[in-house]
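Shown here: target13.txt, compact mmCIF, C-alpha atoms.
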```
# COMPACT_ATOMS: atom_id res chain seq x y z
CA MET A 130 -31.74 -34.70 -179.37
CA GLY A 131 -33.12 -36.14 -182.58
CA ASP A 132 -32.86 -39.52 -184.27
CA TRP A 133 -29.11 -39.49 -184.80
CA ILE A 134 -26.87 -42.22 -186.15
CA GLN A 135 -24.33 -42.69 -183.38
CA GLY A 136 -21.00 -44.39 -182.85
CA LEU A 137 -17.99 -44.25 -180.58
CA ASP A 138 -14.24 -43.82 -180.63
CA ILE A 139 -11.95 -45.99 -178.56
CA ALA A 140 -8.33 -46.56 -177.60
CA GLN A 141 -6.40 -48.60 -175.05
CA TYR A 142 -8.55 -47.05 -172.32
CA GLN A 143 -11.48 -49.19 -173.50
CA PRO A 144 -9.88 -52.67 -173.54
CA ASN A 145 -11.71 -55.84 -174.53
CA THR A 146 -14.60 -54.00 -176.12
CA ASP A 147 -17.46 -56.31 -177.10
CA PHE A 148 -18.33 -54.93 -180.52
CA SER A 149 -21.34 -57.18 -180.97
CA ALA A 150 -22.81 -55.67 -177.80
CA VAL A 151 -21.95 -52.20 -179.11
CA SER A 152 -23.88 -52.93 -182.30
CA ASP A 153 -26.79 -54.43 -180.36
CA GLY A 154 -26.85 -51.19 -178.34
CA GLY A 155 -27.79 -49.28 -181.48
CA PHE A 156 -24.40 -47.90 -182.50
CA ARG A 157 -23.39 -47.99 -186.17
CA PHE A 158 -19.69 -47.11 -186.28
CA VAL A 159 -16.48 -47.28 -184.27
CA PHE A 160 -13.28 -45.29 -184.71
CA ALA A 161 -10.21 -46.97 -183.17
CA LYS A 162 -6.95 -45.25 -182.31
CA ALA A 163 -4.15 -46.61 -184.48
CA THR A 164 -1.01 -44.53 -184.02
CA GLU A 165 0.53 -41.52 -182.32
CA GLY A 166 3.44 -39.33 -183.33
CA ALA A 167 6.06 -40.22 -185.92
CA LYS A 168 8.17 -43.31 -186.48
CA SER A 169 11.62 -43.22 -184.92
CA ARG A 170 14.66 -45.48 -185.14
CA GLY A 171 13.16 -47.71 -182.48
CA GLY A 172 9.83 -47.86 -184.28
CA GLY A 173 6.66 -45.89 -183.70
CA TYR A 174 3.75 -45.94 -181.32
CA VAL A 175 0.81 -48.19 -182.14
CA ASP A 176 -2.13 -48.33 -179.75
CA PRO A 177 -1.80 -51.74 -178.04
CA THR A 178 -5.46 -52.57 -178.71
CA PHE A 179 -5.57 -51.42 -182.33
CA ARG A 180 -4.70 -54.56 -184.26
CA ASP A 181 -7.11 -56.69 -182.23
CA ASN A 182 -9.85 -54.06 -182.45
CA TRP A 183 -9.38 -53.74 -186.19
CA ALA A 184 -9.56 -57.47 -186.85
CA LYS A 185 -12.77 -57.73 -184.85
CA LEU A 186 -14.32 -54.74 -186.62
CA VAL A 187 -13.39 -56.06 -190.07
CA ALA A 188 -15.31 -59.24 -189.22
CA LEU A 189 -18.47 -57.21 -188.56
CA ASP A 190 -19.62 -56.33 -192.09
CA PRO A 191 -21.72 -53.14 -191.80
CA ARG A 192 -24.01 -54.39 -194.58
CA LYS A 193 -25.13 -57.28 -192.40
CA ARG A 194 -27.14 -57.46 -189.20
CA GLY A 195 -24.92 -56.72 -186.22
CA GLY A 196 -22.28 -55.05 -188.38
CA LEU A 197 -20.36 -51.85 -187.75
CA TYR A 198 -18.62 -49.30 -189.92
CA ARG A 199 -14.99 -48.92 -188.85
CA GLY A 200 -12.47 -46.11 -188.91
CA ALA A 201 -8.93 -45.46 -187.68
CA TYR A 202 -7.39 -42.31 -186.27
CA HIS A 203 -3.91 -40.94 -185.65
CA PHE A 204 -3.18 -38.82 -182.58
CA ALA A 205 -1.01 -35.92 -183.73
CA ARG A 206 2.02 -34.88 -181.69
CA PRO A 207 3.28 -31.63 -183.20
CA ASP A 208 4.49 -30.80 -179.70
CA HIS A 209 6.99 -33.72 -179.82
CA SER A 210 8.23 -33.38 -183.38
CA LYS A 211 11.98 -33.74 -183.95
CA ARG A 212 11.50 -32.28 -187.41
CA GLY A 213 10.46 -28.90 -186.08
CA CYS A 214 7.37 -27.08 -187.26
CA GLY A 215 5.74 -27.19 -190.65
CA ARG A 216 4.90 -29.57 -193.45
CA ALA A 217 7.72 -32.12 -193.11
CA ALA A 218 6.69 -32.98 -189.55
CA GLY A 219 3.10 -33.58 -190.62
CA VAL A 220 4.22 -35.74 -193.53
CA ALA A 221 6.35 -37.88 -191.20
CA GLU A 222 3.44 -38.63 -188.88
CA ALA A 223 1.12 -39.40 -191.78
CA GLN A 224 3.65 -41.82 -193.25
CA TRP A 225 3.74 -43.78 -189.99
CA PHE A 226 -0.07 -43.85 -189.81
CA CYS A 227 -0.31 -45.07 -193.39
CA GLU A 228 2.36 -47.72 -192.84
CA VAL A 229 0.36 -49.23 -190.00
CA LEU A 230 -2.94 -49.05 -191.88
CA LYS A 231 -1.46 -50.75 -194.92
CA LYS A 232 -0.21 -53.60 -192.74
CA VAL A 233 -3.61 -54.29 -191.16
CA GLY A 234 -5.40 -53.82 -194.48
CA ASP A 235 -9.15 -53.60 -195.10
CA CYS A 236 -9.08 -49.81 -195.32
CA ARG A 237 -11.50 -49.47 -198.24
CA GLU A 238 -15.06 -50.86 -198.36
CA GLY A 239 -16.75 -50.51 -194.99
CA CYS A 240 -14.01 -48.21 -193.73
CA LEU A 241 -14.62 -44.55 -192.91
CA PRO A 242 -12.06 -41.88 -193.87
CA PRO A 243 -8.71 -42.02 -192.04
CA VAL A 244 -8.63 -39.40 -189.30
CA LEU A 245 -6.10 -36.87 -188.06
CA ASP A 246 -6.78 -36.13 -184.37
CA TYR A 247 -5.35 -32.64 -183.93
CA GLU A 248 -5.74 -31.38 -180.38
CA LYS A 249 -2.33 -30.90 -178.74
CA SER A 250 -0.97 -27.42 -178.05
CA ASN A 251 2.50 -26.62 -179.35
CA ASN A 252 4.90 -23.71 -179.80
CA CYS A 253 4.62 -23.49 -183.58
CA SER A 254 3.01 -20.57 -185.38
CA PRO A 255 -0.52 -20.86 -186.80
CA ALA A 256 0.96 -20.72 -190.31
CA ASP A 257 3.33 -23.61 -189.56
CA ASN A 258 0.55 -25.61 -187.91
CA ALA A 259 -1.52 -25.18 -191.06
CA LYS A 260 1.41 -26.47 -193.12
CA TRP A 261 1.71 -29.42 -190.72
CA ILE A 262 -1.93 -30.37 -191.21
CA ARG A 263 -1.78 -29.90 -194.97
CA GLY A 264 1.29 -32.12 -195.17
CA PHE A 265 -0.49 -34.82 -193.20
CA LEU A 266 -3.70 -34.72 -195.25
CA ASP A 267 -1.84 -34.61 -198.57
CA THR A 268 0.14 -37.68 -197.56
CA ILE A 269 -3.02 -39.57 -196.58
CA GLN A 270 -4.50 -38.85 -199.99
CA HIS A 271 -1.33 -39.94 -201.79
CA GLU A 272 -0.66 -43.09 -199.76
CA LEU A 273 -4.19 -44.38 -199.20
CA GLY A 274 -5.97 -42.97 -202.23
CA ARG A 275 -8.72 -41.25 -200.30
CA PRO A 276 -9.18 -37.97 -198.44
CA GLY A 277 -8.66 -37.86 -194.71
CA MET A 278 -10.83 -36.29 -192.04
CA LEU A 279 -9.82 -33.75 -189.41
CA TYR A 280 -10.81 -34.17 -185.75
CA THR A 281 -10.49 -30.95 -183.78
CA GLY A 282 -12.46 -28.34 -181.86
CA PRO A 283 -13.10 -24.59 -181.75
CA LYS A 284 -10.73 -23.89 -178.83
CA VAL A 285 -7.79 -25.72 -180.36
CA TRP A 286 -8.44 -24.21 -183.77
CA ARG A 287 -8.53 -20.71 -182.36
CA SER A 288 -5.38 -21.05 -180.26
CA GLN A 289 -3.25 -23.18 -182.59
CA LEU A 290 -4.50 -22.22 -186.06
CA GLY A 291 -5.62 -18.64 -185.42
CA GLY A 292 -9.01 -19.30 -187.01
CA CYS A 293 -7.46 -20.47 -190.30
CA ALA A 294 -10.11 -21.06 -192.98
CA ASP A 295 -7.88 -23.06 -195.34
CA PHE A 296 -9.47 -26.40 -194.46
CA ILE A 297 -13.19 -25.74 -194.74
CA ASP A 298 -13.42 -28.10 -197.72
CA GLU A 299 -12.03 -30.99 -195.63
CA LEU A 300 -14.20 -33.46 -193.75
CA LEU A 301 -14.64 -32.27 -190.16
CA TRP A 302 -15.11 -34.31 -187.01
CA VAL A 303 -15.76 -31.64 -184.41
CA VAL A 304 -15.52 -31.99 -180.65
CA THR A 305 -17.77 -29.88 -178.43
CA TRP A 306 -19.30 -31.68 -175.47
CA SER A 307 -22.89 -30.79 -174.72
CA LYS A 308 -25.83 -32.42 -172.95
CA SER A 309 -28.61 -30.48 -174.62
CA LYS A 310 -27.42 -28.44 -177.60
CA PRO A 311 -28.85 -29.65 -180.93
CA GLU A 312 -25.70 -28.66 -182.84
CA PRO A 313 -22.00 -28.32 -181.98
CA ALA A 314 -20.42 -24.92 -181.48
CA PRO A 315 -19.30 -23.48 -184.84
CA MET A 316 -15.66 -23.53 -185.82
CA PRO A 317 -14.03 -20.06 -185.58
CA VAL A 318 -13.06 -19.76 -189.24
CA GLY A 319 -15.27 -16.89 -190.40
CA ALA A 320 -17.03 -19.20 -192.86
CA ASP A 321 -19.27 -22.24 -192.91
CA TRP A 322 -17.39 -25.45 -192.15
CA PRO A 323 -20.03 -28.19 -192.06
CA TRP A 324 -19.37 -31.09 -189.73
CA THR A 325 -19.51 -34.76 -190.63
CA PHE A 326 -19.11 -36.26 -187.15
CA TRP A 327 -19.66 -34.60 -183.78
CA GLN A 328 -18.13 -35.90 -180.56
CA TRP A 329 -20.76 -34.70 -178.09
CA SER A 330 -20.13 -36.91 -175.04
CA ALA A 331 -16.90 -38.01 -173.38
CA GLY A 332 -15.78 -39.10 -169.92
CA GLY A 333 -16.01 -37.80 -166.38
CA SER A 334 -18.20 -34.72 -166.01
CA ASN A 335 -18.65 -34.68 -169.81
CA ASN A 336 -20.24 -38.12 -169.95
CA TYR A 337 -23.72 -37.18 -171.17
CA TYR A 338 -24.57 -40.57 -172.64
CA GLY A 339 -23.97 -42.98 -169.80
CA GLN A 340 -22.73 -46.57 -169.92
CA VAL A 341 -22.08 -47.94 -173.40
CA PRO A 342 -23.02 -51.61 -173.88
CA GLY A 343 -19.93 -53.73 -174.46
CA VAL A 344 -17.47 -51.14 -173.11
CA MET A 345 -15.91 -52.01 -169.76
CA ASN A 346 -14.65 -48.51 -169.03
CA LYS A 347 -17.62 -46.22 -168.39
CA ASP A 348 -15.72 -43.31 -169.93
CA CYS A 349 -16.17 -43.57 -173.68
CA ASP A 350 -16.45 -40.90 -176.38
CA ILE A 351 -19.77 -40.85 -178.23
CA ASP A 352 -20.18 -39.38 -181.70
CA ARG A 353 -23.03 -38.40 -183.99
CA PHE A 354 -23.08 -38.57 -187.77
CA SER A 355 -24.57 -35.67 -189.70
CA GLY A 356 -26.36 -37.68 -192.37
CA ASP A 357 -28.49 -40.76 -192.89
CA GLU A 358 -27.60 -44.43 -193.32
CA ALA A 359 -27.12 -44.09 -197.09
CA ALA A 360 -24.71 -41.20 -196.58
CA LEU A 361 -22.75 -43.16 -193.99
CA ALA A 362 -22.47 -46.11 -196.38
CA ALA A 363 -21.27 -43.82 -199.16
CA LEU A 364 -18.66 -42.28 -196.85
CA ALA A 365 -17.41 -45.81 -196.16
CA LEU A 366 -17.15 -46.51 -199.90
CA LEU A 367 -20.29 -48.62 -199.96
CA GLY A 368 -23.44 -47.87 -201.90
CA ASP A 369 -23.99 -44.67 -203.88
CA ARG A 370 -20.88 -42.53 -203.53
CA THR A 371 -22.76 -39.50 -204.88
CA GLN A 372 -24.92 -39.34 -201.75
CA GLY A 373 -24.97 -35.97 -200.06
CA ALA A 374 -25.10 -35.16 -196.36
CA THR A 375 -21.64 -36.57 -195.68
CA THR A 376 -20.55 -33.08 -194.76
CA GLY A 377 -23.92 -31.67 -193.83
CA ALA A 378 -24.50 -29.59 -190.73
CA GLY A 379 -26.81 -32.04 -189.04
CA ARG A 380 -30.52 -32.56 -189.34
```
Translate the structure described by the file into structure tokens.
Amino acid sequence: MGDWIQGLDIAQYQPNTDFSAVSDGGFRFVFAKATEGAKSRGGGYVDPTFRDNWAKLVALDPRKRGGLYRGAYHFARPDHSKRGCGRAAGVAEAQWFCEVLKKVGDCREGCLPPVLDYEKSNNCSPADNAKWIRGFLDTIQHELGRPGMLYTGPKVWRSQLGGCADFIDELLWVVTWSKSKPEPAPMPVGADWPWTFWQWSAGGSNNYYGQVPGVMNKDCDIDRFSGDEAALAALALLGDRTQGATTGAGR
């Protein structure tokens, strides 16, 4: 499968993760779930393991032995929006995500781009879903001062976005689970949309990696990075930020 730089993404389903063991197992980055949906009068949803995970990851400087690059993601709920379809609903969810990230801090050096996890089906039109995503990404850029990254897959993009090609200049974290394919399935956009991260292994029958050191739950998502160590550092605002391969289509 090649000499890939690999990492994982976690949430409350992987409690008490031993990140030092993860690093010792050869992994270089971890994305942790931060939030889901929008803030309401009673507050908003924060993954119960996020703050603890984040503090532990911040302590593991990726420039040092045993360190890890860190990233945070927001699980989109366009299917639960009280603001209806379109841009305003996406903005509302991004504002909640940014509020939580600002409170925990350390979202610059050593931190990978903030992620929008877009995978839930909804009853909105493809055009309105595109406006939702654009509103979210624009808000990330405005509030955090850096571009976000979009996690999604071909099936979701085809059914919910109608193959929209408006986002091919955005960073892509693609999900297509495969045991043997050297590259993920292409996104159905009628144009080249190079991937930055690829979630290739998950849980259950899609667990193609096996047990991850330091993770109690055997079901854990595994991801590959498309570039080399220098490109990963640049993506995390460390090293030479002119490095290429941060959106390359693999090796």
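Closest approach to Ala365 of chain A from the set A:Cys227, A:Ala320, A:Cys293, A:Leu241 is made by A:Leu241, with distances taken over all atoms listed in the file.
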Can you list, as JSON, numbers by chain, every protein, DNA or RNA residue that comes within 9 Å of segment 213-217 of chain A when you count only C-alpha atoms, leaving out same-chain residues fewer than 2 positions away? {"A": [207, 208, 209, 210, 211, 219, 220, 221, 222, 252, 253, 254, 256, 257, 258, 259, 260, 261, 262, 263, 264, 265]}
How would the residues just picked look written out with C-alpha atoms as an mmCIF file, in the coordinates of the input?
```cif
data_model
loop_
_atom_site.group_PDB
_atom_site.id
_atom_site.type_symbol
_atom_site.label_atom_id
_atom_site.label_comp_id
_atom_site.auth_asym_id
_atom_site.auth_seq_id
_atom_site.Cartn_x
_atom_site.Cartn_y
_atom_site.Cartn_z
ATOM 1 C CA PRO A 207 3.280 -31.630 -183.200
ATOM 2 C CA ASP A 208 4.490 -30.800 -179.700
ATOM 3 C CA HIS A 209 6.990 -33.720 -179.820
ATOM 4 C CA SER A 210 8.230 -33.380 -183.380
ATOM 5 C CA LYS A 211 11.980 -33.740 -183.950
ATOM 6 C CA GLY A 219 3.100 -33.580 -190.620
ATOM 7 C CA VAL A 220 4.220 -35.740 -193.530
ATOM 8 C CA ALA A 221 6.350 -37.880 -191.200
ATOM 9 C CA GLU A 222 3.440 -38.630 -188.880
ATOM 10 C CA ASN A 252 4.900 -23.710 -179.800
ATOM 11 C CA CYS A 253 4.620 -23.490 -183.580
ATOM 12 C CA SER A 254 3.010 -20.570 -185.380
ATOM 13 C CA ALA A 256 0.960 -20.720 -190.310
ATOM 14 C CA ASP A 257 3.330 -23.610 -189.560
ATOM 15 C CA ASN A 258 0.550 -25.610 -187.910
ATOM 16 C CA ALA A 259 -1.520 -25.180 -191.060
ATOM 17 C CA LYS A 260 1.410 -26.470 -193.120
ATOM 18 C CA TRP A 261 1.710 -29.420 -190.720
ATOM 19 C CA ILE A 262 -1.930 -30.370 -191.210
ATOM 20 C CA ARG A 263 -1.780 -29.900 -194.970
ATOM 21 C CA GLY A 264 1.290 -32.120 -195.170
ATOM 22 C CA PHE A 265 -0.490 -34.820 -193.200
#
```
Identify, on the basis of only C-alpha atoms, every residue whose closest approach to Gly274 of chain A does not exceed 12 Å; exclude the query and any residue fewer than 5 positions from it along the same chain; express the result as number ranges by chain. A: 227, 231, 236-237, 242-243, 266-269, 366
Report the distance between atom CA of Arg157 of chain A and atom CA of Pro191 of chain A in Å, rounded to one decimal place.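 Distance reported for this atom pair: 7.8 Å.
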Leaving out segment 306-310 of chain A and any residue of its chain fewer than 5 positions from it, which residues lie within 7 Å of it when counting only C-alpha atoms, given as an MDAnalysis selection string? chainID A and resid 328:330 335 337
Distance criterion (only C-alpha atoms): nearest to Trp133 of chain A out of A:Trp327, A:Trp322, A:Trp302, A:Tyr174: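 Distance minimum relative to Trp133 of chain A lands on A:Trp327.
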Take the point (-25.7, -54.2, -176.1) as written in the file and pick out every residue within 12 Å of it, counting only C-alpha atoms; give the list as a ChimeraX atom specification. /A:146-156,195,340-345
Interatomic distance (Å, one decimal) between atom CA of Gly277 of chain A and atom CA of Ala223 of chain A: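 Separating atom CA of Gly277 of chain A from atom CA of Ala223 of chain A is a distance of 10.3 Å.
Using all atoms listed in the file, the nearest neighbour of Phe354 of chain A within the list A:Asn182, A:Ser334, A:Gln270, A:Thr325 is A:Thr325.
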By how many Å are atom CA of Leu364 of chain A and atom CA of Gly292 of chain A apart?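 It comes out at 26.8 Å.
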From the list A:Gly339, A:Arg275, A:Ile351, A:Leu301, which residue is nearest Glu238 of chain A when using only C-alpha atoms?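 Between A:Gly339, A:Arg275, A:Ile351, A:Leu301, the residue approaching Glu238 of chain A most closely is A:Arg275.
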Around the point (-5.3, -50.4, -187.3) (coordinates from the file), which residues reach within 7 Å if we count all atoms listed in the file? Answer as a PyMOL selection string. chain A and resi 163+179-180+183+201+229-230+233
